[in-house]
$ cat run-v4.cif   # mmCIF, C-alpha atoms and all ligand atoms
data_work
loop_
_atom_site.label_atom_id
_atom_site.label_comp_id
_atom_site.auth_asym_id
_atom_site.auth_seq_id
_atom_site.Cartn_x
_atom_site.Cartn_y
_atom_site.Cartn_z
CA MET I 1 97.75 132.46 99.44
CA LEU I 2 96.90 130.50 96.26
CA SER I 3 99.91 129.54 94.16
CA ALA I 4 99.39 129.39 90.37
CA PRO I 5 99.83 125.98 88.70
CA THR I 6 103.04 125.83 86.65
CA GLN I 7 102.66 122.38 85.08
CA HIS I 8 100.06 119.87 83.90
CA ARG I 9 98.26 118.75 87.04
CA ILE I 10 98.09 115.07 87.86
CA ALA I 11 96.49 113.85 91.08
CA LEU I 12 96.81 110.44 92.71
CA VAL I 13 93.95 109.63 95.10
CA THR I 14 93.94 106.69 97.52
CA GLY I 15 90.42 105.79 98.64
CA ILE I 16 88.94 106.97 95.31
CA THR I 17 86.11 104.41 95.53
CA GLY I 18 84.96 105.85 98.89
CA GLN I 19 82.58 108.71 99.61
CA ASP I 20 85.21 111.47 99.64
CA GLY I 21 87.27 109.94 96.85
CA SER I 22 84.30 110.11 94.48
CA TYR I 23 83.55 113.77 95.23
CA LEU I 24 87.24 114.69 95.08
CA ALA I 25 87.64 112.94 91.71
CA GLU I 26 84.70 114.92 90.30
CA PHE I 27 86.08 118.16 91.72
CA LEU I 28 89.63 117.64 90.38
CA LEU I 29 88.37 116.55 86.95
CA SER I 30 86.27 119.74 86.79
CA LYS I 31 89.50 121.70 87.41
CA GLY I 32 91.22 119.99 84.46
CA TYR I 33 93.35 117.47 86.36
CA ASP I 34 94.19 114.00 85.19
CA VAL I 35 92.99 111.88 88.12
CA HIS I 36 94.51 108.52 89.02
CA GLY I 37 92.94 106.38 91.72
CA LEU I 38 94.34 103.50 93.74
CA VAL I 39 91.87 100.61 93.96
CA ARG I 40 92.13 97.37 95.96
CA ARG I 41 91.39 94.09 94.35
CA SER I 42 88.09 92.63 95.54
CA SER I 43 85.91 89.77 94.33
CA SER I 44 83.18 92.19 93.22
CA PHE I 45 83.29 95.74 91.83
CA ALA I 46 83.75 98.50 94.43
CA THR I 47 83.57 101.29 91.86
CA GLY I 48 79.85 102.13 92.13
CA ARG I 49 80.49 105.67 93.38
CA ILE I 50 82.68 106.62 90.39
CA GLU I 51 81.00 104.67 87.59
CA HIS I 52 79.04 107.72 86.42
CA ILE I 53 82.34 109.50 85.69
CA TYR I 54 83.26 106.84 83.13
CA ARG I 55 79.88 107.29 81.50
CA ASP I 56 80.46 111.05 81.25
CA PRO I 57 79.83 112.04 77.63
CA HIS I 58 82.58 114.71 77.82
CA ASP I 59 86.25 114.06 78.46
CA ALA I 60 86.18 113.49 82.24
CA GLY I 61 85.96 109.70 81.89
CA ALA I 62 89.06 109.71 79.70
CA ARG I 63 91.00 111.61 82.36
CA LEU I 64 90.16 109.16 85.15
CA HIS I 65 92.51 106.18 85.51
CA LEU I 66 92.48 103.37 88.07
CA HIS I 67 95.46 101.36 89.33
CA TYR I 68 95.52 98.29 91.49
CA GLY I 69 97.36 98.85 94.76
CA ASP I 70 96.89 98.69 98.50
CA LEU I 71 98.06 100.76 101.46
CA ALA I 72 99.17 97.44 103.00
CA ASP I 73 101.61 96.95 100.11
CA GLY I 74 104.42 99.52 99.94
CA ASN I 75 105.77 98.13 96.66
CA SER I 76 102.45 98.75 94.93
CA LEU I 77 102.54 102.38 96.13
CA GLU I 78 106.06 102.89 94.77
CA ARG I 79 105.09 101.35 91.42
CA VAL I 80 101.96 103.47 91.04
CA LEU I 81 103.84 106.67 91.91
CA ARG I 82 106.47 105.89 89.23
CA GLU I 83 103.74 105.15 86.64
CA VAL I 84 101.48 108.10 87.42
CA LYS I 85 104.07 110.83 88.15
CA PRO I 86 101.59 112.84 90.25
CA THR I 87 101.98 116.48 91.21
CA GLU I 88 99.47 116.05 94.08
CA VAL I 89 98.75 113.00 96.26
CA TYR I 90 95.56 112.77 98.35
CA ASN I 91 95.64 110.00 100.96
CA LEU I 92 91.98 109.19 101.67
CA GLY I 93 92.28 105.40 101.90
CA ALA I 94 91.48 103.86 105.29
CA GLN I 95 89.39 101.37 107.25
CA SER I 96 87.28 104.34 108.26
CA HIS I 97 84.58 102.82 110.50
CA VAL I 98 85.14 103.61 114.19
CA ARG I 99 82.97 100.78 115.59
CA VAL I 100 84.61 98.23 113.27
CA SER I 101 88.06 99.42 114.40
CA PHE I 102 87.35 97.88 117.83
CA ASP I 103 86.75 94.51 116.12
CA MET I 104 89.77 94.87 113.79
CA PRO I 105 92.28 97.04 115.68
CA VAL I 106 95.46 95.67 114.12
CA PHE I 107 94.11 95.81 110.55
CA THR I 108 92.86 99.36 111.18
CA ALA I 109 96.26 100.42 112.54
CA ASP I 110 98.00 98.80 109.57
CA ILE I 111 95.91 100.63 106.94
CA ALA I 112 94.87 103.91 108.61
CA GLY I 113 98.20 104.25 110.48
CA VAL I 114 101.20 102.43 108.99
CA GLY I 115 99.63 102.63 105.51
CA THR I 116 100.13 106.41 105.66
CA LEU I 117 103.78 105.92 106.56
CA ARG I 118 104.23 103.54 103.61
CA LEU I 119 102.75 106.16 101.30
CA LEU I 120 104.74 109.06 102.78
CA GLU I 121 107.95 107.06 102.45
CA ALA I 122 107.12 106.10 98.85
CA VAL I 123 106.39 109.77 98.06
CA ARG I 124 109.65 110.88 99.72
CA VAL I 125 111.72 108.45 97.65
CA TYR I 126 109.82 109.22 94.42
CA ARG I 127 110.24 112.96 94.99
CA GLU I 128 113.97 112.68 95.65
CA GLU I 129 114.63 110.33 92.71
CA SER I 130 112.50 112.18 90.16
CA GLY I 131 113.02 115.74 91.39
CA THR I 132 109.23 116.23 91.12
CA PRO I 133 107.79 118.62 93.79
CA VAL I 134 104.83 116.48 94.93
CA ARG I 135 102.23 117.99 97.29
CA TYR I 136 100.59 115.64 99.81
CA TYR I 137 97.21 115.70 101.60
CA GLN I 138 96.49 113.58 104.69
CA ALA I 139 92.92 112.74 105.73
CA SER I 140 93.15 113.46 109.46
CA SER I 141 90.02 113.24 111.58
CA SER I 142 88.12 114.97 114.38
CA GLU I 143 88.02 111.48 115.93
CA MET I 144 91.58 112.33 117.10
CA PHE I 145 90.07 114.80 119.64
CA GLY I 146 88.08 111.94 121.19
CA LYS I 147 87.45 112.76 124.83
CA VAL I 148 87.62 116.44 124.04
CA ALA I 149 89.90 118.74 126.06
CA GLU I 150 87.95 121.86 125.01
CA VAL I 151 84.89 123.00 123.10
CA PRO I 152 85.07 123.92 120.27
CA GLN I 153 88.06 122.00 118.92
CA SER I 154 90.68 123.83 116.86
CA GLU I 155 94.10 123.01 115.36
CA SER I 156 95.70 123.54 118.80
CA THR I 157 93.32 121.31 120.81
CA PRO I 158 95.24 118.33 122.31
CA PHE I 159 94.35 114.86 121.01
CA HIS I 160 92.77 112.14 123.19
CA PRO I 161 91.66 109.40 120.76
CA ARG I 162 89.02 106.93 121.99
CA SER I 163 89.24 104.15 119.39
CA PRO I 164 91.85 102.12 117.50
CA TYR I 165 90.81 104.19 114.46
CA GLY I 166 91.43 107.46 116.32
CA VAL I 167 94.82 106.24 117.55
CA ALA I 168 95.81 105.22 114.00
CA LYS I 169 94.77 108.64 112.68
CA VAL I 170 96.88 110.41 115.35
CA PHE I 171 99.87 108.32 114.19
CA SER I 172 99.22 109.31 110.56
CA HIS I 173 98.75 112.95 111.48
CA TRP I 174 102.08 113.17 113.27
CA ALA I 175 103.86 111.07 110.64
CA THR I 176 102.73 113.62 108.03
CA ILE I 177 103.96 116.55 110.12
CA ASN I 178 107.22 114.68 110.69
CA TYR I 179 107.79 114.27 106.93
CA ARG I 180 107.06 117.95 106.44
CA GLU I 181 109.56 118.97 109.12
CA SER I 182 112.23 116.35 108.31
CA TYR I 183 112.24 116.41 104.51
CA GLY I 184 110.65 119.75 103.66
CA MET I 185 107.68 118.02 102.03
CA HIS I 186 104.64 120.10 101.10
CA ALA I 187 102.42 117.88 103.28
CA SER I 188 99.18 119.14 104.87
CA CYS I 189 96.62 117.55 107.17
CA GLY I 190 92.91 118.30 106.99
CA ILE I 191 91.33 117.62 110.38
CA LEU I 192 87.89 116.97 108.97
CA PHE I 193 84.80 116.71 111.15
CA ASN I 194 82.04 114.28 110.12
CA HIS I 195 80.85 114.84 106.58
CA GLU I 196 78.04 112.99 104.90
CA SER I 197 76.18 112.73 101.61
CA PRO I 198 73.89 110.42 99.65
CA ARG I 199 77.11 108.48 98.90
CA ARG I 200 77.93 107.91 102.59
CA GLY I 201 78.57 104.29 103.54
CA GLU I 202 75.31 102.71 104.72
CA THR I 203 76.62 101.66 108.16
CA PHE I 204 77.48 105.21 109.30
CA VAL I 205 74.70 106.59 111.46
CA THR I 206 73.38 109.38 109.20
CA ARG I 207 73.04 107.18 106.13
CA LYS I 208 71.72 104.28 108.17
CA ILE I 209 68.94 106.60 109.34
CA THR I 210 68.15 108.12 105.93
CA ARG I 211 68.16 104.69 104.24
CA ALA I 212 65.71 103.51 106.89
CA VAL I 213 63.51 106.59 106.40
CA GLY I 214 63.30 105.87 102.66
CA ARG I 215 62.55 102.18 103.14
CA ILE I 216 60.00 102.78 105.91
CA LYS I 217 58.26 105.41 103.79
CA HIS I 218 57.90 102.81 101.00
CA GLY I 219 56.86 99.97 103.32
CA LEU I 220 60.08 97.98 102.85
CA GLN I 221 60.90 97.92 106.59
CA ASN I 222 59.33 99.24 109.77
CA GLN I 223 62.13 99.83 112.27
CA VAL I 224 65.77 100.83 112.55
CA PHE I 225 68.03 99.80 115.44
CA LEU I 226 70.50 102.39 116.72
CA GLY I 227 72.96 102.75 119.60
CA ASN I 228 73.84 105.95 121.44
CA LEU I 229 71.39 108.70 120.48
CA ASP I 230 73.05 111.30 122.75
CA ALA I 231 76.32 111.52 120.80
CA GLN I 232 76.79 114.95 119.21
CA ARG I 233 78.56 115.57 115.92
CA ASP I 234 79.48 118.54 113.73
CA TRP I 235 78.03 117.25 110.44
CA GLY I 236 78.77 118.81 107.05
CA PHE I 237 78.41 117.88 103.36
CA ALA I 238 81.24 115.83 101.80
CA GLY I 239 81.02 117.76 98.52
CA ASP I 240 81.95 120.96 100.37
CA TYR I 241 84.80 119.33 102.29
CA VAL I 242 86.76 118.02 99.29
CA GLU I 243 87.21 121.60 98.11
CA ALA I 244 89.01 122.37 101.39
CA MET I 245 91.40 119.44 100.72
CA TRP I 246 92.29 120.90 97.33
CA LEU I 247 92.67 124.44 98.69
CA MET I 248 95.23 123.20 101.25
CA LEU I 249 97.46 121.92 98.43
CA GLN I 250 97.21 125.21 96.50
CA GLN I 251 98.81 127.21 99.34
CA ASP I 252 102.47 128.27 99.15
CA GLU I 253 103.11 126.71 102.57
CA PRO I 254 101.82 123.39 103.91
CA ASP I 255 99.80 123.52 107.14
CA ASP I 256 97.04 121.78 109.14
CA TYR I 257 93.41 122.90 109.14
CA VAL I 258 90.19 122.06 110.97
CA VAL I 259 87.32 121.69 108.47
CA ALA I 260 83.88 121.83 110.13
CA THR I 261 80.60 123.73 110.16
CA GLY I 262 80.90 125.12 113.70
CA LYS I 263 77.51 123.63 114.70
CA THR I 264 76.75 120.42 116.56
CA PHE I 265 73.64 118.22 116.78
CA SER I 266 72.80 114.91 118.47
CA VAL I 267 72.05 111.64 116.69
CA ARG I 268 68.54 111.98 118.17
CA GLU I 269 68.08 115.39 116.48
CA PHE I 270 69.29 113.95 113.16
CA ALA I 271 66.78 111.08 113.41
CA GLU I 272 63.93 113.39 114.44
CA LYS I 273 64.48 115.74 111.47
CA ALA I 274 65.11 112.94 108.97
CA PHE I 275 61.81 111.18 109.80
CA ALA I 276 59.95 114.51 109.96
CA ARG I 277 61.08 115.29 106.38
CA VAL I 278 58.67 112.58 105.15
CA GLY I 279 56.00 113.20 107.80
CA LEU I 280 56.93 110.30 110.09
CA ASP I 281 57.39 110.27 113.89
CA TRP I 282 60.91 108.93 114.56
CA GLN I 283 59.91 107.52 117.96
CA LYS I 284 57.58 105.01 116.31
CA HIS I 285 60.40 103.57 114.21
CA VAL I 286 63.71 103.88 116.10
CA ALA I 287 64.62 101.12 118.56
CA TYR I 288 67.70 100.71 120.75
CA ASP I 289 70.27 97.97 120.22
CA PRO I 290 73.33 97.95 122.50
CA ARG I 291 75.31 96.16 119.77
CA TYR I 292 75.88 99.58 118.20
CA ASN I 293 77.51 101.07 121.31
CA ARG I 294 81.30 101.43 121.39
CA PRO I 295 83.65 100.35 124.22
CA ALA I 296 84.63 104.04 124.51
CA GLU I 297 82.49 106.79 122.98
CA VAL I 298 83.26 110.24 121.60
CA ASP I 299 80.45 112.25 123.19
CA LEU I 300 80.75 115.69 121.61
CA LEU I 301 82.49 117.04 118.53
CA LEU I 302 82.26 120.71 117.55
CA GLY I 303 84.85 122.21 115.25
CA ASP I 304 86.16 125.76 114.97
CA PRO I 305 86.83 126.29 111.23
CA ALA I 306 88.10 129.90 111.68
CA LYS I 307 91.58 129.15 110.32
CA ALA I 308 90.24 127.43 107.17
CA ARG I 309 87.91 130.38 106.62
CA ARG I 310 90.67 132.95 107.14
CA LYS I 311 93.55 131.32 105.28
CA LEU I 312 91.81 129.17 102.65
CA GLY I 313 88.69 131.30 102.15
CA TRP I 314 86.70 128.08 102.69
CA GLU I 315 83.04 128.10 103.80
CA PRO I 316 80.56 125.20 104.00
CA ARG I 317 77.60 125.75 101.65
CA VAL I 318 75.20 123.05 102.91
CA ASP I 319 73.80 123.34 106.46
CA PHE I 320 72.37 120.62 108.74
CA ASP I 321 68.79 120.87 107.44
CA GLY I 322 70.02 121.01 103.83
CA LEU I 323 72.17 117.93 104.37
CA ILE I 324 69.28 115.96 105.87
CA ALA I 325 66.94 117.00 103.05
CA MET I 326 69.51 115.98 100.40
CA MET I 327 70.14 112.58 101.99
CA VAL I 328 66.51 111.75 102.79
CA ASP I 329 65.30 112.75 99.32
CA ALA I 330 67.97 110.62 97.63
CA ASP I 331 67.15 107.63 99.84
CA VAL I 332 63.40 107.96 99.34
CA GLU I 333 64.09 107.77 95.60
CA MET I 334 66.39 104.80 96.06
CA ALA I 335 63.75 102.98 98.10
CA ALA I 336 61.15 103.69 95.39
CA ARG I 337 63.44 101.92 92.88
CA GLU I 338 63.90 99.03 95.33
CA LYS I 339 60.14 98.75 95.75
CA THR I 340 59.65 98.58 92.00
CA LEU I 341 62.19 95.76 91.85
CA ARG I 342 60.59 93.96 94.79
CA ASP I 343 57.15 94.24 93.22
CA ALA I 344 58.62 92.72 90.05
CA GLY I 345 59.72 89.71 92.11
CA PHE I 346 63.39 90.54 92.75
CA GLN I 347 64.97 89.97 96.18
CA VAL I 348 65.89 93.35 97.80
CA GLY I 349 67.22 94.15 101.26
CA ALA I 350 69.42 96.49 103.27
CA MET I 351 71.95 95.24 105.78
CA GLU I 352 72.24 96.85 109.16
P1 LIG Q 401 85.09 105.54 103.02
O1 LIG Q 401 83.87 105.89 102.26
O2 LIG Q 401 85.05 104.47 104.03
O3 LIG Q 401 86.24 105.19 101.94
C1 LIG Q 401 87.45 104.61 102.34
C2 LIG Q 401 88.28 104.33 101.10
O4 LIG Q 401 89.50 103.71 101.51
C3 LIG Q 401 87.60 103.36 100.11
O5 LIG Q 401 87.90 103.76 98.80
C4 LIG Q 401 88.30 102.03 100.43
O6 LIG Q 401 88.31 101.12 99.35
C5 LIG Q 401 89.71 102.56 100.70
N1 LIG Q 401 90.55 101.58 101.39
C6 LIG Q 401 90.22 100.80 102.45
N2 LIG Q 401 91.24 99.99 102.76
C7 LIG Q 401 92.24 100.25 101.89
C8 LIG Q 401 93.52 99.71 101.67
N3 LIG Q 401 94.01 98.71 102.42
N4 LIG Q 401 94.29 100.21 100.67
C9 LIG Q 401 93.79 101.20 99.87
N5 LIG Q 401 92.57 101.75 100.01
C10 LIG Q 401 91.79 101.27 101.01
O7 LIG Q 401 85.67 106.84 103.77
P2 LIG Q 401 85.36 108.39 103.50
O8 LIG Q 401 84.21 108.81 104.33
O9 LIG Q 401 85.37 108.66 102.06
O10 LIG Q 401 86.64 109.06 104.18
C11 LIG Q 401 87.82 109.31 103.43
C12 LIG Q 401 89.00 109.47 104.40
O11 LIG Q 401 88.76 110.55 105.28
C13 LIG Q 401 89.26 108.24 105.27
O12 LIG Q 401 90.65 108.17 105.50
C14 LIG Q 401 88.56 108.59 106.57
O13 LIG Q 401 89.16 107.91 107.64
C15 LIG Q 401 88.80 110.09 106.63
N6 LIG Q 401 87.80 110.89 107.34
C16 LIG Q 401 86.48 110.77 107.03
C17 LIG Q 401 85.56 111.57 107.67
C18 LIG Q 401 84.09 111.50 107.35
O14 LIG Q 401 83.28 112.00 108.13
N7 LIG Q 401 83.71 110.92 106.21
C19 LIG Q 401 85.99 112.51 108.63
C20 LIG Q 401 87.34 112.61 108.89
C21 LIG Q 401 88.26 111.82 108.23
P3 LIG Q 401 87.09 100.08 99.12
O15 LIG Q 401 86.03 100.85 98.37
O16 LIG Q 401 87.74 99.00 98.32
O17 LIG Q 401 86.63 99.63 100.47
O1 LIG Q 402 78.32 107.72 111.91
P1 LIG Q 402 79.32 107.21 112.87
O2 LIG Q 402 79.68 105.76 112.76
O3 LIG Q 402 80.59 108.16 112.74
P2 LIG Q 402 81.84 108.44 113.70
O4 LIG Q 402 82.07 107.35 114.66
O5 LIG Q 402 81.69 109.81 114.27
O6 LIG Q 402 83.06 108.41 112.65
C1 LIG Q 402 82.96 109.08 111.41
O7 LIG Q 402 83.42 110.40 111.58
C2 LIG Q 402 84.81 110.52 111.92
C3 LIG Q 402 85.11 112.02 112.08
O8 LIG Q 402 84.85 112.41 113.41
C4 LIG Q 402 85.62 109.90 110.82
F1 LIG Q 402 86.95 110.06 111.07
C5 LIG Q 402 85.28 108.44 110.70
O9 LIG Q 402 86.02 107.87 109.62
C6 LIG Q 402 83.80 108.31 110.39
O10 LIG Q 402 83.56 108.83 109.11
O11 LIG Q 402 78.82 107.44 114.37
C7 LIG Q 402 78.43 108.72 114.82
C8 LIG Q 402 77.80 108.60 116.21
C9 LIG Q 402 78.65 107.78 117.21
O12 LIG Q 402 78.70 108.46 118.42
C10 LIG Q 402 77.90 106.48 117.36
O13 LIG Q 402 78.04 105.86 118.64
O14 LIG Q 402 76.58 107.88 116.08
C11 LIG Q 402 76.49 106.95 117.13
N1 LIG Q 402 75.57 105.88 116.72
C12 LIG Q 402 74.39 105.57 117.34
N2 LIG Q 402 73.81 104.52 116.74
C13 LIG Q 402 75.75 105.01 115.72
C14 LIG Q 402 74.64 104.15 115.72
N3 LIG Q 402 76.75 104.89 114.80
C15 LIG Q 402 76.63 103.90 113.87
N4 LIG Q 402 77.61 103.79 112.92
N5 LIG Q 402 75.56 103.03 113.86
C16 LIG Q 402 74.54 103.11 114.77
O15 LIG Q 402 73.61 102.32 114.74
#
$ encode --input "run-v4.cif" --output "structure tokens"
Amino acid sequence: MLSAPTQHRIALVTGITGQDGSYLAEFLLSKGYDVHGLVRRSSSFATGRIEHIYRDPHDAGARLHLHYGDLADGNSLERVLREVKPTEVYNLGAQSHVRVSFDMPVFTADIAGVGTLRLLEAVRVYREESGTPVRYYQASSSEMFGKVAEVPQSESTPFHPRSPYGVAKVFSHWATINYRESYGMHASCGILFNHESPRRGETFVTRKITRAVGRIKHGLQNQVFLGNLDAQRDWGFAGDYVEAMWLMLQQDEPDDYVVATGKTFSVREFAEKAFARVGLDWQKHVAYDPRYNRPAEVDLLLGDPAKARRKLGWEPRVDFDGLIAMMVDADVEMAAREKTLRDAGFQVGAME
């Protein structure tokens, strides 16, 4: 059941510069929230996905505020909570790349695992000291199901993570439930299946494929190297999934929810449809490179979103074909801009 807001709504979002953070910021601003984002210091700007909000001619830009902080640094989290005084906290920050988590397991555990605990503890203390009833969202992941115990996966499916990232997310998931049960915190976990968009990081498989399609179409490259084409994922649109995050925090009671489309497709099918969208045969352009395989793979993810549908009234709006069309079209346009730059003598390139 939706509970009516009783006070001015202020959200703090970790991971605001990421794919989901940018869509969530737009969504919350459209609902009238003041939105505060935690950003890490880096030697170059990482704010490309939210820059357009600042340029918004209406008041949204004025209601978006950024604060330096890091999930590795508990003191920074405490300081930002005291400054911002949020009514809702969304923890989206993480080293979120599964393949990279095998190369950087300790860093991944520190940010995607212990980082959550630092934030939960900071929220607990802030809530007790200020008397403010903060609601908390944890970005849990279908990667926790790993070597799946059943198909489809629901909130009651046992976890069997297959990567340092998946293990860290299981830790965060249970830490969140523990804070709910121990301290009565309104803390909910969204077990989100893969969700993509034109803002998806370029090293995740969907975006890597659609970027390649755009560049191949415009003659900027000829091939893309991929790993396991047999893996199956339940892919949705990130813009739809951030609404489910918000809905969880509007419920009277905190709980955990699977957010998915209920349909699964292979990487091969994604590639085939993405190339076909611009009239190309994927088999002429996709090559295999074992570097992109993982030491342990998650073969099949398929979510059962029945609980989210029933209790939150949530439904995905964009289907698999719609998602591919949206991503390919955006990346064909991006490649056209790159080509114009290249033809004008600028150096352009995409990293794999
Ligand atoms: P993303 O695009 O990789 O964004 C990750 C965000 O976390 C970025 O803003 C990044 O900042 C930030 N971050 C990284 N290390 C940090 C640190 N030490 N302290 C503070 N912030 C840090 O990921 P996403 O796809 O938006 O996913 C959002 C969350 O949902 C992540 O927790 C992810 O694990 C989880 N999730 C994602 C999916 C999916 O399919 N997308 C599915 C299930 C769960 P920089 O910009 O500075 O790097
Ligand atoms: O796009 P991916 O890297 O996403 P993955 O590993 O499923 O993780 C994403 O979804 C999780 C939710 O289940 C999130 F929690 C996580 O943060 C992230 O957003 O890989 C998808 C599949 C894998 O099976 C991988 O082996 O694609 C396969 N694949 C094949 N070739 C490739 C490639 N993946 C990548 N990144 N690059 C390739 O060249």
$ residues_around --input "run-v4.cif" --residues "range 249-263 of chain I" --least-positions-apart "3" --cutoff "9 Å" --atoms "all atoms listed in the file" --output "count of residues only"
51
$ residues_around --input "run-v4.cif" --residues "range 329-333 of chain I" --least-positions-apart "5" --cutoff "10 Å" --atoms "all atoms listed in the file" --output "count of residues only"
21
$ residues_near_ligand --input "run-v4.cif" --ligand "ligand LIG 401 (chain Q)" --cutoff "6 Å" --atoms "all atoms listed in the file" --output "PDB file with C-alpha atoms, in the frame of the given file"
ATOM      1  CA  THR I  14      93.940 106.690  97.520  1.00  0.00           C
ATOM      2  CA  GLY I  15      90.420 105.790  98.640  1.00  0.00           C
ATOM      3  CA  ILE I  16      88.940 106.970  95.310  1.00  0.00           C
ATOM      4  CA  THR I  17      86.110 104.410  95.530  1.00  0.00           C
ATOM      5  CA  GLY I  18      84.960 105.850  98.890  1.00  0.00           C
ATOM      6  CA  GLN I  19      82.580 108.710  99.610  1.00  0.00           C
ATOM      7  CA  ASP I  20      85.210 111.470  99.640  1.00  0.00           C
ATOM      8  CA  GLY I  21      87.270 109.940  96.850  1.00  0.00           C
ATOM      9  CA  ARG I  40      92.130  97.370  95.960  1.00  0.00           C
ATOM     10  CA  ALA I  46      83.750  98.500  94.430  1.00  0.00           C
ATOM     11  CA  ASP I  70      96.890  98.690  98.500  1.00  0.00           C
ATOM     12  CA  LEU I  71      98.060 100.760 101.460  1.00  0.00           C
ATOM     13  CA  ALA I  72      99.170  97.440 103.000  1.00  0.00           C
ATOM     14  CA  LEU I  92      91.980 109.190 101.670  1.00  0.00           C
ATOM     15  CA  GLY I  93      92.280 105.400 101.900  1.00  0.00           C
ATOM     16  CA  ALA I  94      91.480 103.860 105.290  1.00  0.00           C
ATOM     17  CA  GLN I  95      89.390 101.370 107.250  1.00  0.00           C
ATOM     18  CA  SER I  96      87.280 104.340 108.260  1.00  0.00           C
ATOM     19  CA  ILE I 111      95.910 100.630 106.940  1.00  0.00           C
ATOM     20  CA  ALA I 139      92.920 112.740 105.730  1.00  0.00           C
ATOM     21  CA  SER I 140      93.150 113.460 109.460  1.00  0.00           C
ATOM     22  CA  SER I 141      90.020 113.240 111.580  1.00  0.00           C
ATOM     23  CA  LEU I 192      87.890 116.970 108.970  1.00  0.00           C
ATOM     24  CA  PHE I 193      84.800 116.710 111.150  1.00  0.00           C
ATOM     25  CA  ASN I 194      82.040 114.280 110.120  1.00  0.00           C
ATOM     26  CA  HIS I 195      80.850 114.840 106.580  1.00  0.00           C
ATOM     27  CA  GLY I 201      78.570 104.290 103.540  1.00  0.00           C
TER      28      GLY I 201
END
$ closest_atom_pairs --input "run-v4.cif" --of "chain I" --to "ligand LIG 402 (chain Q)" --cutoff "6 Å" --atoms "only C-alpha atoms and all ligand atoms" --output "Markdown table"
| residue | atom | partner | partner_atom | distance |
| --- | --- | --- | --- | --- |
| I:Ser96 | CA | Q:LIG402 | O9 | 4.0 |
| I:His97 | CA | Q:LIG402 | O9 | 5.3 |
| I:Val98 | CA | Q:LIG402 | O4 | 4.9 |
| I:Ser141 | CA | Q:LIG402 | F1 | 4.4 |
| I:Ser142 | CA | Q:LIG402 | O8 | 4.3 |
| I:Glu143 | CA | Q:LIG402 | O8 | 4.2 |
| I:Phe193 | CA | Q:LIG402 | C3 | 4.8 |
| I:Asn194 | CA | Q:LIG402 | C3 | 4.3 |
| I:Thr203 | CA | Q:LIG402 | N4 | 5.3 |
| I:Phe204 | CA | Q:LIG402 | O1 | 3.7 |
| I:Val205 | CA | Q:LIG402 | O1 | 3.8 |
| I:Thr206 | CA | Q:LIG402 | O1 | 5.9 |
| I:Leu226 | CA | Q:LIG402 | O15 | 3.7 |
| I:Gly227 | CA | Q:LIG402 | N2 | 3.5 |
| I:Asn228 | CA | Q:LIG402 | C12 | 4.2 |
| I:Leu229 | CA | Q:LIG402 | C12 | 5.4 |
| I:Ala231 | CA | Q:LIG402 | O12 | 4.5 |
| I:Val267 | CA | Q:LIG402 | O14 | 5.9 |
| I:Tyr292 | CA | Q:LIG402 | O15 | 5.0 |
| I:Asn293 | CA | Q:LIG402 | O13 | 5.5 |
| I:Val298 | CA | Q:LIG402 | O12 | 5.8 |
$ residues_near_point --input "run-v4.cif" --point "(68.1, 100.4, 115.8)" --cutoff "7 Å" --atoms "only C-alpha atoms" --output "list of chain:residue names"
I:Gln223, I:Val224, I:Phe225, I:Leu226, I:Gly227, I:Val286, I:Ala287, I:Tyr288, I:Asp289
$ closest_residue --input "run-v4.cif" --among "I:Gly219, I:Gly313, I:Ser130, I:Ser42" --to "Glu243 in chain I" --atoms "all atoms listed in the file"
I:Gly313
$ closest_residue --input "run-v4.cif" --among "I:Gly166, I:Val318, I:Leu24, I:Leu12" --to "Val100 in chain I" --atoms "all atoms listed in the file"
I:Gly166
$ closest_residue --input "run-v4.cif" --among "I:Asp343, I:Gly61, I:Gly69, I:Arg55" --to "Tyr33 in chain I" --atoms "only C-alpha atoms"
I:Gly61
$ residues_around --input "run-v4.cif" --residues "Arg127 in chain I" --least-positions-apart "5" --cutoff "10 Å" --atoms "only C-alpha atoms" --output "PyMOL selection string"
chain I and resi 81-82+85-87+121-122+132-135+185
